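Participant: The file below is query_0.cif, mmCIF, C-alpha atoms:
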```cif
data_my_file
loop_
_atom_site.group_PDB
_atom_site.id
_atom_site.type_symbol
_atom_site.label_atom_id
_atom_site.label_comp_id
_atom_site.auth_asym_id
_atom_site.auth_seq_id
_atom_site.Cartn_x
_atom_site.Cartn_y
_atom_site.Cartn_z
ATOM 1 C CA LYS A 1 0.000 0.000 0.000
ATOM 2 C CA GLN A 2 1.429 3.340 -1.052
ATOM 3 C CA GLU A 3 2.135 5.780 1.773
ATOM 4 C CA VAL A 4 3.351 9.350 1.421
ATOM 5 C CA THR A 5 5.213 11.149 4.189
ATOM 6 C CA GLN A 6 6.238 14.782 4.466
ATOM 7 C CA ILE A 7 8.767 15.858 7.039
ATOM 8 C CA PRO A 8 8.900 18.282 8.753
ATOM 9 C CA ALA A 9 5.271 19.077 9.485
ATOM 10 C CA ALA A 10 6.190 22.729 9.930
ATOM 11 C CA LEU A 11 9.124 24.922 8.979
ATOM 12 C CA SER A 12 9.935 28.550 9.744
ATOM 13 C CA VAL A 13 12.796 30.358 7.977
ATOM 14 C CA PRO A 14 13.887 33.964 7.450
ATOM 15 C CA GLU A 15 13.083 35.691 4.198
ATOM 16 C CA GLY A 16 15.640 35.257 1.452
ATOM 17 C CA GLU A 17 16.786 31.764 2.384
ATOM 18 C CA ASN A 18 16.771 28.873 -0.026
ATOM 19 C CA LEU A 19 14.889 25.893 1.373
ATOM 20 C CA VAL A 20 13.985 22.303 0.607
ATOM 21 C CA LEU A 21 10.754 20.496 1.407
ATOM 22 C CA ASN A 22 10.782 16.719 1.455
ATOM 23 C CA CYS A 23 8.318 14.080 0.322
ATOM 24 C CA SER A 24 8.888 10.324 0.563
ATOM 25 C CA PHE A 25 6.780 7.464 -0.761
ATOM 26 C CA THR A 26 6.922 3.731 -0.120
ATOM 27 C CA ASP A 27 6.161 2.259 -3.556
ATOM 28 C CA SER A 28 8.280 3.320 -6.539
ATOM 29 C CA ALA A 29 5.608 2.230 -9.052
ATOM 30 C CA ILE A 30 4.170 5.667 -9.629
ATOM 31 C CA TYR A 31 2.690 7.424 -12.642
ATOM 32 C CA ASN A 32 3.493 10.942 -11.509
ATOM 33 C CA LEU A 33 3.964 13.170 -8.477
ATOM 34 C CA GLN A 34 2.491 16.612 -7.898
ATOM 35 C CA TRP A 35 3.360 19.394 -5.509
ATOM 36 C CA PHE A 36 0.521 21.622 -4.347
ATOM 37 C CA ARG A 37 0.267 24.777 -2.327
ATOM 38 C CA GLN A 38 -2.639 25.562 -0.009
ATOM 39 C CA ASP A 39 -3.213 28.973 1.527
ATOM 40 C CA PRO A 40 -5.414 29.236 4.639
ATOM 41 C CA GLY A 41 -9.093 29.065 3.747
ATOM 42 C CA LYS A 42 -8.324 28.441 0.100
ATOM 43 C CA GLY A 43 -8.205 25.558 -2.307
ATOM 44 C CA LEU A 44 -5.099 23.771 -3.489
ATOM 45 C CA THR A 45 -2.980 25.064 -6.344
ATOM 46 C CA SER A 46 -0.907 22.645 -8.389
ATOM 47 C CA LEU A 47 2.666 23.938 -8.523
ATOM 48 C CA LEU A 48 4.592 21.270 -10.390
ATOM 49 C CA LEU A 49 3.847 17.855 -11.841
ATOM 50 C CA ILE A 50 6.672 15.394 -12.478
ATOM 51 C CA GLN A 51 6.022 12.379 -14.656
ATOM 52 C CA SER A 52 7.623 9.099 -13.594
ATOM 53 C CA SER A 53 10.084 9.317 -16.508
ATOM 54 C CA GLN A 54 11.294 12.769 -15.477
ATOM 55 C CA ARG A 55 13.886 13.753 -12.896
ATOM 56 C CA GLU A 56 12.858 17.334 -12.267
ATOM 57 C CA GLN A 57 10.555 20.197 -13.163
ATOM 58 C CA THR A 58 11.110 23.919 -12.732
ATOM 59 C CA SER A 59 8.770 26.881 -12.499
ATOM 60 C CA GLY A 60 10.237 30.242 -11.593
ATOM 61 C CA ARG A 61 11.850 29.970 -8.162
ATOM 62 C CA LEU A 62 10.532 26.454 -7.653
ATOM 63 C CA ASN A 63 12.309 23.253 -8.605
ATOM 64 C CA ALA A 64 10.956 19.799 -7.900
ATOM 65 C CA SER A 65 13.027 16.657 -8.208
ATOM 66 C CA LEU A 66 12.030 13.015 -8.306
ATOM 67 C CA ASP A 67 14.066 9.934 -7.426
ATOM 68 C CA LYS A 68 11.792 6.948 -7.834
ATOM 69 C CA SER A 69 14.373 4.370 -6.797
ATOM 70 C CA SER A 70 14.777 5.951 -3.377
ATOM 71 C CA GLY A 71 11.128 6.981 -3.103
ATOM 72 C CA ARG A 72 11.866 10.659 -2.676
ATOM 73 C CA SER A 73 10.901 14.016 -4.069
ATOM 74 C CA THR A 74 12.082 17.441 -3.018
ATOM 75 C CA LEU A 75 10.661 20.882 -3.627
ATOM 76 C CA TYR A 76 13.363 23.541 -3.694
ATOM 77 C CA ILE A 77 12.313 27.152 -3.158
ATOM 78 C CA ALA A 78 14.927 29.755 -4.006
ATOM 79 C CA ALA A 79 15.126 33.174 -2.366
ATOM 80 C CA SER A 80 12.070 32.637 -0.182
ATOM 81 C CA GLN A 81 9.558 35.453 0.289
ATOM 82 C CA PRO A 82 6.811 36.025 2.885
ATOM 83 C CA GLY A 83 4.288 35.332 0.115
ATOM 84 C CA ASP A 84 5.612 31.776 -0.061
ATOM 85 C CA SER A 85 4.092 31.103 3.366
ATOM 86 C CA ALA A 86 1.544 28.326 2.921
ATOM 87 C CA THR A 87 1.094 24.596 3.388
ATOM 88 C CA TYR A 88 2.811 22.515 0.727
ATOM 89 C CA LEU A 89 1.460 19.071 -0.072
ATOM 90 C CA CYS A 90 2.815 16.370 -2.298
ATOM 91 C CA ALA A 91 0.618 13.751 -3.905
ATOM 92 C CA VAL A 92 1.595 10.565 -5.692
ATOM 93 C CA ARG A 93 -0.429 8.899 -8.421
ATOM 94 C CA PRO A 94 0.263 5.135 -8.354
ATOM 95 C CA ALA A 95 0.940 3.475 -11.689
ATOM 96 C CA SER A 96 -2.102 1.246 -11.333
ATOM 97 C CA ASN A 97 -4.622 3.771 -10.051
ATOM 98 C CA TYR A 98 -5.989 7.212 -10.867
ATOM 99 C CA GLN A 99 -6.363 8.049 -7.171
ATOM 100 C CA LEU A 100 -3.828 10.427 -5.637
ATOM 101 C CA ILE A 101 -2.146 9.433 -2.374
ATOM 102 C CA TRP A 102 -1.563 12.552 -0.293
ATOM 103 C CA GLY A 103 1.078 13.571 2.191
ATOM 104 C CA ALA A 104 -0.034 15.461 5.291
ATOM 105 C CA GLY A 105 1.778 18.607 4.178
ATOM 106 C CA THR A 106 4.498 20.921 5.437
ATOM 107 C CA LYS A 107 3.376 24.263 6.835
ATOM 108 C CA LEU A 108 5.939 26.838 5.737
ATOM 109 C CA ILE A 109 6.323 30.233 7.372
ATOM 110 C CA ILE A 110 8.693 32.790 5.867
ATOM 111 C CA LYS A 111 9.576 35.487 8.381
ATOM 112 C CA PRO A 112 10.107 39.023 7.007
ATOM 113 C CA ASP B 1 -10.725 30.484 -17.744
ATOM 114 C CA ALA B 2 -12.395 31.102 -14.394
ATOM 115 C CA GLY B 3 -11.115 27.870 -12.917
ATOM 116 C CA VAL B 4 -13.190 25.392 -10.936
ATOM 117 C CA ILE B 5 -16.165 27.176 -9.393
ATOM 118 C CA GLN B 6 -17.826 25.951 -6.216
ATOM 119 C CA SER B 7 -20.857 27.232 -4.389
ATOM 120 C CA PRO B 8 -21.685 28.105 -1.742
ATOM 121 C CA ARG B 9 -18.382 29.169 -0.124
ATOM 122 C CA HIS B 10 -19.822 28.703 3.335
ATOM 123 C CA GLU B 11 -22.802 26.689 4.520
ATOM 124 C CA VAL B 12 -24.129 26.540 8.051
ATOM 125 C CA THR B 13 -26.999 24.200 8.674
ATOM 126 C CA GLU B 14 -28.666 22.258 11.424
ATOM 127 C CA MET B 15 -28.379 18.556 11.943
ATOM 128 C CA GLY B 16 -30.904 16.654 9.853
ATOM 129 C CA GLN B 17 -31.133 19.212 7.076
ATOM 130 C CA GLU B 18 -30.302 18.508 3.454
ATOM 131 C CA VAL B 19 -27.163 20.140 2.068
ATOM 132 C CA THR B 20 -26.312 20.513 -1.616
ATOM 133 C CA LEU B 21 -22.880 21.563 -2.781
ATOM 134 C CA ARG B 22 -22.286 22.619 -6.375
ATOM 135 C CA CYS B 23 -19.341 22.517 -8.723
ATOM 136 C CA LYS B 24 -18.573 23.753 -12.217
ATOM 137 C CA PRO B 25 -15.362 22.181 -13.581
ATOM 138 C CA ILE B 26 -12.992 23.818 -16.003
ATOM 139 C CA SER B 27 -14.370 23.733 -19.518
ATOM 140 C CA GLY B 28 -12.901 20.829 -21.481
ATOM 141 C CA HIS B 29 -11.903 18.807 -18.434
ATOM 142 C CA ASN B 30 -13.443 15.354 -18.451
ATOM 143 C CA SER B 31 -12.548 14.188 -14.953
ATOM 144 C CA LEU B 32 -14.098 15.510 -11.768
ATOM 145 C CA PHE B 33 -13.288 14.685 -8.167
ATOM 146 C CA TRP B 34 -15.015 15.516 -4.878
ATOM 147 C CA TYR B 35 -12.730 15.672 -1.835
ATOM 148 C CA ARG B 36 -13.323 16.321 1.850
ATOM 149 C CA GLN B 37 -10.666 17.895 4.054
ATOM 150 C CA THR B 38 -10.504 17.832 7.853
ATOM 151 C CA MET B 39 -7.699 18.445 10.294
ATOM 152 C CA MET B 40 -7.907 14.894 11.601
ATOM 153 C CA ARG B 41 -8.043 12.991 8.315
ATOM 154 C CA GLY B 42 -6.552 15.347 5.747
ATOM 155 C CA LEU B 43 -7.814 15.073 2.179
ATOM 156 C CA GLU B 44 -10.172 12.211 1.428
ATOM 157 C CA LEU B 45 -11.446 11.357 -2.038
ATOM 158 C CA LEU B 46 -15.209 10.915 -1.966
ATOM 159 C CA ILE B 47 -16.062 10.229 -5.608
ATOM 160 C CA TYR B 48 -14.510 10.363 -9.068
ATOM 161 C CA PHE B 49 -16.376 11.020 -12.333
ATOM 162 C CA ASN B 50 -14.987 10.472 -15.801
ATOM 163 C CA ASN B 51 -16.980 11.751 -18.773
ATOM 164 C CA ASN B 52 -19.898 12.400 -16.393
ATOM 165 C CA VAL B 53 -19.983 8.778 -15.238
ATOM 166 C CA PRO B 54 -19.198 7.855 -11.615
ATOM 167 C CA ILE B 55 -16.144 5.610 -11.744
ATOM 168 C CA ASP B 56 -15.378 5.181 -8.070
ATOM 169 C CA ASP B 57 -17.626 6.165 -5.173
ATOM 170 C CA SER B 58 -15.951 3.949 -2.584
ATOM 171 C CA GLY B 59 -14.949 7.022 -0.610
ATOM 172 C CA MET B 60 -18.510 8.163 -0.031
ATOM 173 C CA PRO B 61 -18.939 7.751 3.729
ATOM 174 C CA GLU B 62 -22.433 6.289 3.719
ATOM 175 C CA ASP B 63 -25.813 6.373 2.025
ATOM 176 C CA ARG B 64 -26.452 9.864 3.306
ATOM 177 C CA PHE B 65 -24.020 11.108 0.672
ATOM 178 C CA SER B 66 -24.846 11.178 -3.035
ATOM 179 C CA ALA B 67 -23.284 12.859 -6.044
ATOM 180 C CA LYS B 68 -24.433 13.530 -9.573
ATOM 181 C CA MET B 69 -22.962 14.898 -12.746
ATOM 182 C CA PRO B 70 -25.812 15.492 -15.184
ATOM 183 C CA ASN B 71 -23.539 17.124 -17.763
ATOM 184 C CA ALA B 72 -19.926 18.031 -18.378
ATOM 185 C CA SER B 73 -20.224 21.434 -16.741
ATOM 186 C CA PHE B 74 -22.035 20.718 -13.487
ATOM 187 C CA SER B 75 -21.872 18.397 -10.506
ATOM 188 C CA THR B 76 -23.572 18.261 -7.119
ATOM 189 C CA LEU B 77 -22.757 16.595 -3.830
ATOM 190 C CA LYS B 78 -25.728 16.111 -1.558
ATOM 191 C CA ILE B 79 -25.850 15.159 2.105
ATOM 192 C CA GLN B 80 -29.217 14.093 3.472
ATOM 193 C CA PRO B 81 -29.650 14.116 6.417
ATOM 194 C CA SER B 82 -26.588 16.063 7.533
ATOM 195 C CA GLU B 83 -24.795 15.338 10.810
ATOM 196 C CA PRO B 84 -22.262 17.353 12.853
ATOM 197 C CA ARG B 85 -19.483 14.933 11.872
ATOM 198 C CA ASP B 86 -19.971 15.995 8.251
ATOM 199 C CA SER B 87 -18.510 19.399 9.108
ATOM 200 C CA ALA B 88 -15.467 19.864 6.876
ATOM 201 C CA VAL B 89 -14.241 21.677 3.799
ATOM 202 C CA TYR B 90 -15.489 20.041 0.621
ATOM 203 C CA PHE B 91 -13.439 20.535 -2.528
ATOM 204 C CA CYS B 92 -14.229 19.868 -6.129
ATOM 205 C CA ALA B 93 -11.348 19.345 -8.563
ATOM 206 C CA SER B 94 -11.099 18.686 -12.270
ATOM 207 C CA SER B 95 -8.474 17.492 -14.703
ATOM 208 C CA LEU B 96 -8.012 16.447 -18.290
ATOM 209 C CA GLY B 97 -7.938 12.684 -18.518
ATOM 210 C CA GLY B 98 -7.871 12.050 -14.793
ATOM 211 C CA ILE B 99 -4.124 11.613 -14.666
ATOM 212 C CA GLU B 100 -2.825 15.089 -15.316
ATOM 213 C CA LYS B 101 -2.633 18.279 -13.284
ATOM 214 C CA LEU B 102 -5.478 18.622 -10.839
ATOM 215 C CA PHE B 103 -7.237 21.972 -10.498
ATOM 216 C CA PHE B 104 -9.138 22.660 -7.295
ATOM 217 C CA GLY B 105 -12.021 24.960 -6.522
ATOM 218 C CA SER B 106 -11.944 27.234 -3.484
ATOM 219 C CA GLY B 107 -14.003 24.784 -1.467
ATOM 220 C CA THR B 108 -17.204 24.881 0.580
ATOM 221 C CA GLN B 109 -16.804 25.249 4.332
ATOM 222 C CA LEU B 110 -19.661 23.197 5.792
ATOM 223 C CA SER B 111 -20.689 23.511 9.414
ATOM 224 C CA VAL B 112 -23.446 21.256 10.696
ATOM 225 C CA LEU B 113 -24.728 22.340 14.107
#
```
Taking this structure as input, can you express it in the form of structure tokens?

Facilitator:
Amino acid sequence: KQEVTQIPAALSVPEGENLVLNCSFTDSAIYNLQWFRQDPGKGLTSLLLIQSSQREQTSGRLNASLDKSSGRSTLYIAASQPGDSATYLCAVRPASNYQLIWGAGTKLIIKP
Amino acid sequence: DAGVIQSPRHEVTEMGQEVTLRCKPISGHNSLFWYRQTMMRGLELLIYFNNNVPIDDSGMPEDRFSAKMPNASFSTLKIQPSEPRDSAVYFCASSLGGIEKLFFGSGTQLSVL
């Protein structure tokens, strides 16, 4: 059974720092992995989607990597800003199923 | 595009009342998902539609919950009768093909008193 873990549950860093959020999964047979952002009281916004054949995806200051063999993905945020404060969730789509398996999220606070 | 549109944004009702949540997916998307989010259980998939047909409703908690998708641009999630434990944020999401990027609505905050 696929399980997705995000550690730490919360992270607080000063503005301007580069940071890495972690996502691990137990079964390497995945179709893709997505990183989402959720602001308080809002819906989820898909940030990056990495297909199983890809190693990384980039969008602006965000870079997501995928290592299927080790069951890990990282979301790298460069030059963090207070507006990056949100909860970041990763979700894995197993190869045999359309249903996303969700991590519990990392709550990120960027201090001005 | 306006994105996935959900209504109402907030719903407060009394136990035993019927609640209907509405969703308009992104035009052209053929997959629609209803999720429920709580602090205790995180995001839970309730039901998945593909081309307006329910594919998997195994996440629907019990017979009090029902969902319909009469056409490609509209879906409803109904709870009858509602109970306090149904209090949560309910999200609708859509995608193209069911395996690509998922786009979420802003959610409906449901409080059952």

Participant: To one decimal place, how far is CA of Leu75 in chain A from CA of Ile47 in chain B in Å?

Facilitator: 28.8 Å

Participant: Using only C-alpha atoms, which of B:Gln37, B:Thr20, B:Ser94, B:Gln109 sits nearest Ser66 in chain B?

Facilitator: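 Once distances to Ser66 in chain B are computed over only C-alpha atoms, the minimum belongs to B:Thr20.
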
Participant: Can you check which parts of chain B lie within 10 Å of chain A? Per residue, the shortest pair of atoms and distance in Å to one decimal, counting only C-alpha atoms, sorted by chain and number, as JSON lines.

Facilitator:
```
{"residue": "B:Val4", "atom": "CA", "partner": "A:Gly43", "partner_atom": "CA", "distance": 10.0}
{"residue": "B:Phe33", "atom": "CA", "partner": "A:Gln99", "partner_atom": "CA", "distance": 9.6}
{"residue": "B:Met39", "atom": "CA", "partner": "A:Ala104", "partner_atom": "CA", "distance": 9.6}
{"residue": "B:Arg41", "atom": "CA", "partner": "A:Ala104", "partner_atom": "CA", "distance": 8.9}
{"residue": "B:Gly42", "atom": "CA", "partner": "A:Ala104", "partner_atom": "CA", "distance": 6.5}
{"residue": "B:Leu43", "atom": "CA", "partner": "A:Trp102", "partner_atom": "CA", "distance": 7.2}
{"residue": "B:Glu44", "atom": "CA", "partner": "A:Trp102", "partner_atom": "CA", "distance": 8.8}
{"residue": "B:Leu45", "atom": "CA", "partner": "A:Gln99", "partner_atom": "CA", "distance": 7.9}
{"residue": "B:Tyr48", "atom": "CA", "partner": "A:Gln99", "partner_atom": "CA", "distance": 8.7}
{"residue": "B:Asp56", "atom": "CA", "partner": "A:Gln99", "partner_atom": "CA", "distance": 9.5}
{"residue": "B:Val89", "atom": "CA", "partner": "A:Gly41", "partner_atom": "CA", "distance": 9.0}
{"residue": "B:Tyr90", "atom": "CA", "partner": "A:Gly43", "partner_atom": "CA", "distance": 9.6}
{"residue": "B:Phe91", "atom": "CA", "partner": "A:Gly43", "partner_atom": "CA", "distance": 7.3}
{"residue": "B:Cys92", "atom": "CA", "partner": "A:Gly43", "partner_atom": "CA", "distance": 9.1}
{"residue": "B:Ala93", "atom": "CA", "partner": "A:Leu44", "partner_atom": "CA", "distance": 9.2}
{"residue": "B:Gly97", "atom": "CA", "partner": "A:Tyr98", "partner_atom": "CA", "distance": 9.6}
{"residue": "B:Gly98", "atom": "CA", "partner": "A:Tyr98", "partner_atom": "CA", "distance": 6.5}
{"residue": "B:Ile99", "atom": "CA", "partner": "A:Tyr98", "partner_atom": "CA", "distance": 6.1}
{"residue": "B:Glu100", "atom": "CA", "partner": "A:Leu49", "partner_atom": "CA", "distance": 8.0}
{"residue": "B:Lys101", "atom": "CA", "partner": "A:Leu49", "partner_atom": "CA", "distance": 6.7}
{"residue": "B:Leu102", "atom": "CA", "partner": "A:Ser46", "partner_atom": "CA", "distance": 6.6}
{"residue": "B:Phe103", "atom": "CA", "partner": "A:Thr45", "partner_atom": "CA", "distance": 6.7}
{"residue": "B:Phe104", "atom": "CA", "partner": "A:Leu44", "partner_atom": "CA", "distance": 5.7}
{"residue": "B:Gly105", "atom": "CA", "partner": "A:Gly43", "partner_atom": "CA", "distance": 5.7}
{"residue": "B:Ser106", "atom": "CA", "partner": "A:Gly43", "partner_atom": "CA", "distance": 4.3}
{"residue": "B:Gly107", "atom": "CA", "partner": "A:Gly43", "partner_atom": "CA", "distance": 5.9}
{"residue": "B:Thr108", "atom": "CA", "partner": "A:Gly43", "partner_atom": "CA", "distance": 9.5}
{"residue": "B:Gln109", "atom": "CA", "partner": "A:Gly41", "partner_atom": "CA", "distance": 8.6}
```

Participant: May I have the residues from that selection written out with C-alpha atoms, as a PDB file, in the frame of the given file?

Facilitator:
```
ATOM      1  CA  VAL B   4     -13.190  25.392 -10.936  1.00  0.00           C
ATOM      2  CA  PHE B  33     -13.288  14.685  -8.167  1.00  0.00           C
ATOM      3  CA  MET B  39      -7.699  18.445  10.294  1.00  0.00           C
ATOM      4  CA  ARG B  41      -8.043  12.991   8.315  1.00  0.00           C
ATOM      5  CA  GLY B  42      -6.552  15.347   5.747  1.00  0.00           C
ATOM      6  CA  LEU B  43      -7.814  15.073   2.179  1.00  0.00           C
ATOM      7  CA  GLU B  44     -10.172  12.211   1.428  1.00  0.00           C
ATOM      8  CA  LEU B  45     -11.446  11.357  -2.038  1.00  0.00           C
ATOM      9  CA  TYR B  48     -14.510  10.363  -9.068  1.00  0.00           C
ATOM     10  CA  ASP B  56     -15.378   5.181  -8.070  1.00  0.00           C
ATOM     11  CA  VAL B  89     -14.241  21.677   3.799  1.00  0.00           C
ATOM     12  CA  TYR B  90     -15.489  20.041   0.621  1.00  0.00           C
ATOM     13  CA  PHE B  91     -13.439  20.535  -2.528  1.00  0.00           C
ATOM     14  CA  CYS B  92     -14.229  19.868  -6.129  1.00  0.00           C
ATOM     15  CA  ALA B  93     -11.348  19.345  -8.563  1.00  0.00           C
ATOM     16  CA  GLY B  97      -7.938  12.684 -18.518  1.00  0.00           C
ATOM     17  CA  GLY B  98      -7.871  12.050 -14.793  1.00  0.00           C
ATOM     18  CA  ILE B  99      -4.124  11.613 -14.666  1.00  0.00           C
ATOM     19  CA  GLU B 100      -2.825  15.089 -15.316  1.00  0.00           C
ATOM     20  CA  LYS B 101      -2.633  18.279 -13.284  1.00  0.00           C
ATOM     21  CA  LEU B 102      -5.478  18.622 -10.839  1.00  0.00           C
ATOM     22  CA  PHE B 103      -7.237  21.972 -10.498  1.00  0.00           C
ATOM     23  CA  PHE B 104      -9.138  22.660  -7.295  1.00  0.00           C
ATOM     24  CA  GLY B 105     -12.021  24.960  -6.522  1.00  0.00           C
ATOM     25  CA  SER B 106     -11.944  27.234  -3.484  1.00  0.00           C
ATOM     26  CA  GLY B 107     -14.003  24.784  -1.467  1.00  0.00           C
ATOM     27  CA  THR B 108     -17.204  24.881   0.580  1.00  0.00           C
ATOM     28  CA  GLN B 109     -16.804  25.249   4.332  1.00  0.00           C
TER      29      GLN B 109
END
```

Participant: Smallest atom-to-atom distance to Pro94 in chain A: which of A:Lys107, A:Arg37, A:Arg55, A:Lys68, using all atoms listed in the file?

Facilitator: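 The shortest atom-to-atom distance to Pro94 in chain A comes from A:Lys68.
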
Participant: Determine the residue membership of the PyMOL selection byres ((chain B and resi 6) around 6) for the file above and supply it as a list of chain:residue names.

Facilitator: B:Ile5, B:Ser7, B:Arg22, B:Cys23, B:Gly105

Participant: Name the residues that the PyMOL selection byres ((chain B and resi 53) around 12) picks from the file above, as a ChimeraX atom specification, using the file's chain letters and numbers.

Facilitator: /B:30-33,47-52,54-57,67-72,75

Participant: Residues at most 6 Å from Pro82 in chain A, counting only C-alpha atoms, excluding those fewer than 2 positions away in the same chain, as a list in words?

Facilitator: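 In the requested format, the answer is Asp84, Ser85 and Ile110 of chain A.
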
Participant: Write the selection just made, keeping C-alpha atoms, as a PDB file, in the frame of the given file?

Facilitator:
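Saved the output as result-v3.pdb:
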```pdb
ATOM      1  CA  ASP A  84       5.612  31.776  -0.061  1.00  0.00           C
ATOM      2  CA  SER A  85       4.092  31.103   3.366  1.00  0.00           C
ATOM      3  CA  ILE A 110       8.693  32.790   5.867  1.00  0.00           C
TER       4      ILE A 110
END
```

Participant: Between CA of Gln2 in chain A and CA of Ile26 in chain B, measure the distance and give it in Å to one decimal.

Facilitator: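 Going from CA of Gln2 in chain A over to CA of Ile26 in chain B covers 29.2 Å.
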
Participant: At what distance in Å, to one decimal, does CA of Leu62 in chain A lie from CA of Ser24 in chain A?

Facilitator: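 We find that CA of Ser24 in chain A and CA of Leu62 in chain A lie 18.2 Å from each other.
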
Participant: What do you get, as a VMD selection string, if you spell out every residue that the PyMOL selection byres ((chain B and resi 27) around 8) selects here?

Facilitator: chain B and resid 1 25 to 26 28 to 29 73
